[in-house]
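Chemist: Have a look at the structure that comes next, please.
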Amino acid sequence: MPDWNSPTELAVDAAAFTKLMHALAGVYFWEFLTSLDFDWSFISGKRKFGWPMIFYFLDRYFLFFAMIGILIALDSTSEINCQALYTFDQLAGDAAVGLASINLAIRTMALWSQKLFIVIPIVVIIIGHWVLILQGILLKAEWIPGQGCAITQTKTTILAATFIYSMCFDLLILVLTSVKLRRPGEKRSQLMTMLFKDGLIYFFIAFISNLVATIFMVLNLNAVMSVIFNVPAAIASTIVACRAVRRLQNWSSKGPEVFSSGPHSQIAFHSNAGGQVSSRLPQAVTIPHNRKASGGVHVQMETFAVSEVDQESDHTTYKRQSTDIENAEISSEFKRPPY
């Protein structure tokens, strides 16, 4: 068993910390650059910007600047204010973890049609999460000649509580999403499947990364090892949460358009590969005029509005239609509405 607080061990751990941070920075910068076209679509006006996207952009850019700050602290050759720099890195990194949870929570609230008995408890939990995140300075760093910035002390109790809180919060979001999307008697649509899989993937990745970080914080081997896995946890949570947001946005822009021509009728129009428009009529239509469908999931927010009809079963369902409407002329009243 090594002496974790010996100068030799601290030097080895600091070297490992530096190499790990550079590798993780490369991973996140690659993820950041390859998805800039999505960000640009909002800046250029191709996509409509809504308030939920604020948390998406804050999550991405908080972590982006936190990684830049970490690299400056590790690679600086002249004396700098290490305490101020690491304080910013800590707050920005913890904020990224909190914002990743918010991005998934917003989608869950939308799935539940923003019902107050779901929204109010989630908002209260989010506030409690941020109370822990904004506890203040949880680590100390100083400039060491010949070595650079070095972490000398950490408050692992609050840090561990923050990550445990994140794990419990993510579990709650997964349960709420599963309950909504997998209720008995409801068919599994492509949208439902995607939302459930994205939530499940996010939970497992975030849970495992946060668990590893929490274990090392509880062990508190030394000042370096106690926080060495905090950054991997923040990066993993941010990447999967932001990818889930982008997938849903891209799906809503490509998904089937659902139109209502009367109080109790619904026709879904699709464009095939040849650019021709075909329409498909459901076998049994039970959608009331207020558009609250019981056989699908309706997700509506300021950033997107999606209404999904079960695409997996419609191929066999529409075979039973006696009326061929493939070549029916589409009148002007069925124009695609601006989303």
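Quick note on naming: the chains in the structure tokens go A, B, ... in the order shown, residues restart at 1 in each chain, and ligands are numbered from 1 in order of appearance.
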For the contact check between stretch 197-244 of chain A and stretch 162-181 of chain A, emit one row per residue of stretch 197-244 of chain A within 8 Å, containing the shortest atom pair and the distance in Å rounded to one decimal, counting only C-alpha atoms, chain then rising number order, as JSON lines.

Modeler:
```
{"residue": "A:Gly199", "atom": "CA", "partner": "A:Leu174", "partner_atom": "CA", "distance": 6.1}
{"residue": "A:Leu200", "atom": "CA", "partner": "A:Leu174", "partner_atom": "CA", "distance": 6.7}
{"residue": "A:Phe203", "atom": "CA", "partner": "A:Asp170", "partner_atom": "CA", "distance": 6.1}
{"residue": "A:Ala206", "atom": "CA", "partner": "A:Met167", "partner_atom": "CA", "distance": 7.5}
{"residue": "A:Phe207", "atom": "CA", "partner": "A:Met167", "partner_atom": "CA", "distance": 5.6}
{"residue": "A:Asn210", "atom": "CA", "partner": "A:Phe163", "partner_atom": "CA", "distance": 6.0}
{"residue": "A:Leu211", "atom": "CA", "partner": "A:Ile164", "partner_atom": "CA", "distance": 7.7}
{"residue": "A:Ala213", "atom": "CA", "partner": "A:Phe163", "partner_atom": "CA", "distance": 7.8}
{"residue": "A:Thr214", "atom": "CA", "partner": "A:Phe163", "partner_atom": "CA", "distance": 6.4}
```

Chemist: What's around A:Cys149 at 6 Å? Count only C-alpha atoms, leave out sequence neighbours fewer than 5 positions away in its own chain, and write the answer as an MDAnalysis selection string.

Modeler: chainID A and resid 73 82 142:143

Chemist: Determine which residues of stretch 78-254 of chain A DSSP labels as helix (DSSP H, G or I) from the backbone of this structure, then write them out as a PyMOL selection string.

Modeler: chain A and resi 82-111+116-133+156-181+190-219+230-254

Chemist: Taking only C-alpha atoms into account, which of A:Ile120, A:Val227, A:Leu99, A:Val218 comes nearest A:Met53?

Modeler: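 Closest to A:Met53, using only C-alpha atoms: A:Leu99.
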
Chemist: Tell me which protein, DNA and RNA residues are within 10 Å of stretch 239-243 of chain A, counting only C-alpha atoms, leaving out same-chain ones fewer than 6 positions away, and put them as a list in words.

Modeler: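 Result of the neighbour search: Val27, Tyr28, Glu31, Phe32, Ser35, Phe55, Tyr56, Phe57, Asp59, Arg60, Val97, Leu99, Ala100, Ser101, Ile102, Asn103, Leu104, Asp198, Gly199, Ile201, Tyr202, Phe203, Ile205, Ala206 and Gln249 of chain A.
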
Chemist: Would you mind exporting the chosen residues as a short mmCIF file (atom, residue, chain, number, x, y, z; two decimals), in the first residue's frame, restricted to N, CA, C and O atoms?

Modeler:
```cif
data_model
loop_
_atom_site.label_atom_id
_atom_site.label_comp_id
_atom_site.auth_asym_id
_atom_site.auth_seq_id
_atom_site.Cartn_x
_atom_site.Cartn_y
_atom_site.Cartn_z
N VAL A 27 -10.99 14.79 -26.24
CA VAL A 27 -12.28 14.14 -26.50
C VAL A 27 -13.41 15.16 -26.54
O VAL A 27 -14.24 15.16 -27.47
N TYR A 28 -13.43 16.05 -25.56
CA TYR A 28 -14.54 17.01 -25.51
C TYR A 28 -14.45 18.05 -26.62
O TYR A 28 -15.46 18.44 -27.19
N GLU A 31 -15.82 16.48 -29.70
CA GLU A 31 -17.29 16.43 -29.62
C GLU A 31 -17.88 17.82 -29.83
O GLU A 31 -18.91 17.98 -30.51
N PHE A 32 -17.24 18.83 -29.28
CA PHE A 32 -17.73 20.20 -29.38
C PHE A 32 -17.69 20.68 -30.84
O PHE A 32 -18.66 21.24 -31.35
N SER A 35 -20.19 19.12 -33.47
CA SER A 35 -21.61 19.47 -33.30
C SER A 35 -21.86 20.97 -33.38
O SER A 35 -22.95 21.43 -33.05
N PHE A 55 -30.36 26.10 -21.45
CA PHE A 55 -29.64 25.15 -20.61
C PHE A 55 -28.71 24.27 -21.44
O PHE A 55 -27.64 23.87 -20.96
N TYR A 56 -29.10 23.96 -22.67
CA TYR A 56 -28.23 23.19 -23.56
C TYR A 56 -26.96 23.96 -23.85
O TYR A 56 -25.85 23.42 -23.73
N PHE A 57 -27.08 25.23 -24.24
CA PHE A 57 -25.91 26.03 -24.58
C PHE A 57 -25.05 26.31 -23.34
O PHE A 57 -23.82 26.29 -23.41
N ASP A 59 -24.71 24.42 -20.75
CA ASP A 59 -24.03 23.16 -20.42
C ASP A 59 -22.78 22.99 -21.28
O ASP A 59 -21.67 22.73 -20.79
N ARG A 60 -22.95 23.14 -22.59
CA ARG A 60 -21.83 22.95 -23.52
C ARG A 60 -20.71 23.95 -23.27
O ARG A 60 -19.53 23.59 -23.19
N VAL A 97 -22.44 19.56 -14.74
CA VAL A 97 -23.13 18.36 -14.25
C VAL A 97 -24.58 18.68 -13.93
O VAL A 97 -25.51 17.93 -14.28
N LEU A 99 -26.42 21.19 -15.14
CA LEU A 99 -27.15 21.54 -16.36
C LEU A 99 -27.47 20.31 -17.19
O LEU A 99 -28.49 20.26 -17.88
N ALA A 100 -26.59 19.30 -17.15
CA ALA A 100 -26.88 18.05 -17.87
C ALA A 100 -28.14 17.40 -17.31
O ALA A 100 -28.99 16.91 -18.07
N SER A 101 -28.28 17.41 -16.00
CA SER A 101 -29.49 16.86 -15.38
C SER A 101 -30.72 17.69 -15.75
O SER A 101 -31.81 17.14 -15.98
N ILE A 102 -30.56 19.02 -15.81
CA ILE A 102 -31.69 19.88 -16.16
C ILE A 102 -32.16 19.61 -17.58
O ILE A 102 -33.37 19.60 -17.86
N ASN A 103 -31.23 19.39 -18.51
CA ASN A 103 -31.61 19.11 -19.89
C ASN A 103 -32.50 17.89 -20.00
O ASN A 103 -33.46 17.87 -20.78
N LEU A 104 -32.20 16.86 -19.24
CA LEU A 104 -33.03 15.67 -19.25
C LEU A 104 -34.33 15.89 -18.47
O LEU A 104 -35.38 15.36 -18.84
N ASP A 198 -32.55 6.83 -25.10
CA ASP A 198 -31.65 7.95 -24.77
C ASP A 198 -31.58 8.18 -23.27
O ASP A 198 -30.50 8.40 -22.72
N GLY A 199 -32.74 8.13 -22.61
CA GLY A 199 -32.75 8.30 -21.16
C GLY A 199 -32.01 7.20 -20.43
O GLY A 199 -31.29 7.44 -19.46
N ILE A 201 -29.55 5.27 -21.72
CA ILE A 201 -28.12 5.39 -21.99
C ILE A 201 -27.51 6.50 -21.15
O ILE A 201 -26.44 6.35 -20.56
N TYR A 202 -28.20 7.63 -21.09
CA TYR A 202 -27.70 8.74 -20.28
C TYR A 202 -27.55 8.33 -18.83
O TYR A 202 -26.53 8.61 -18.19
N PHE A 203 -28.56 7.65 -18.30
CA PHE A 203 -28.53 7.29 -16.88
C PHE A 203 -27.34 6.39 -16.57
O PHE A 203 -26.61 6.63 -15.61
N ILE A 205 -24.50 5.88 -18.26
CA ILE A 205 -23.20 6.54 -18.42
C ILE A 205 -22.96 7.54 -17.29
O ILE A 205 -21.88 7.56 -16.69
N ALA A 206 -23.95 8.37 -17.00
CA ALA A 206 -23.80 9.36 -15.95
C ALA A 206 -23.67 8.69 -14.58
O ALA A 206 -22.86 9.12 -13.74
N GLN A 249 -34.22 17.13 -31.22
CA GLN A 249 -34.43 18.26 -32.12
C GLN A 249 -34.39 17.81 -33.59
O GLN A 249 -35.23 18.21 -34.38
#
```

Chemist: Go through A:Ala66, A:Leu91, A:Leu248, A:Leu132 one by one, measure the shortest atom-to-atom distance of each to A:Phe29 using only C-alpha atoms, and give the residue with the smallest value.

Modeler: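 Nearest to A:Phe29: A:Ala66.
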
Chemist: Enumerate the residues of stretch 34-186 of chain A with a DSSP assignment of strand (DSSP E), computed from the backbone, and present them as a CSV table (one decimal) with C-alpha atoms, in the first residue's frame.

Modeler:
```
chain,number,residue,atom,x,y,z
A,139,LEU,CA,-10.6,23.1,-3.2
A,140,LYS,CA,-7.4,25.0,-2.8
A,141,ALA,CA,-4.6,25.4,-5.3
A,142,GLU,CA,-1.3,27.3,-5.3
A,143,TRP,CA,1.6,27.9,-7.5
A,144,ILE,CA,4.6,25.7,-6.9
A,148,GLY,CA,3.1,24.9,-11.7
A,149,CYS,CA,-0.4,25.0,-10.3
A,150,ALA,CA,-1.1,22.2,-7.9
A,151,ILE,CA,-4.2,21.2,-5.9
A,152,THR,CA,-3.3,21.2,-2.2
A,153,GLN,CA,-6.7,20.7,-0.4
A,154,THR,CA,-10.2,19.5,-1.3
```

Chemist: Restricting the calculation to only C-alpha atoms: of A:Phe65, A:Phe38, A:Trp130, A:Trp4, which residue gets closest to A:Asn222?

Modeler: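 So, comparing all the options, the nearest one is A:Trp4.
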
Chemist: Need the shell around A:Met21: protein/DNA/RNA residues with any atom at most 12 Å away, counting only C-alpha atoms. Skip same-chain ones fewer than 3 positions apart. Format as a ChimeraX atom specification?

Modeler: /A:14-18,24-29,66-75,227-232,235

Chemist: What is the atom CA of A:Phe49 to atom CA of A:Asn250 distance in Å?

Modeler: 13.8 Å

Chemist: Taking only C-alpha atoms into account, which of A:Gly136, A:Pro7, A:Gly45, A:Gly50 comes nearest A:Ile158?

Modeler: A:Gly136
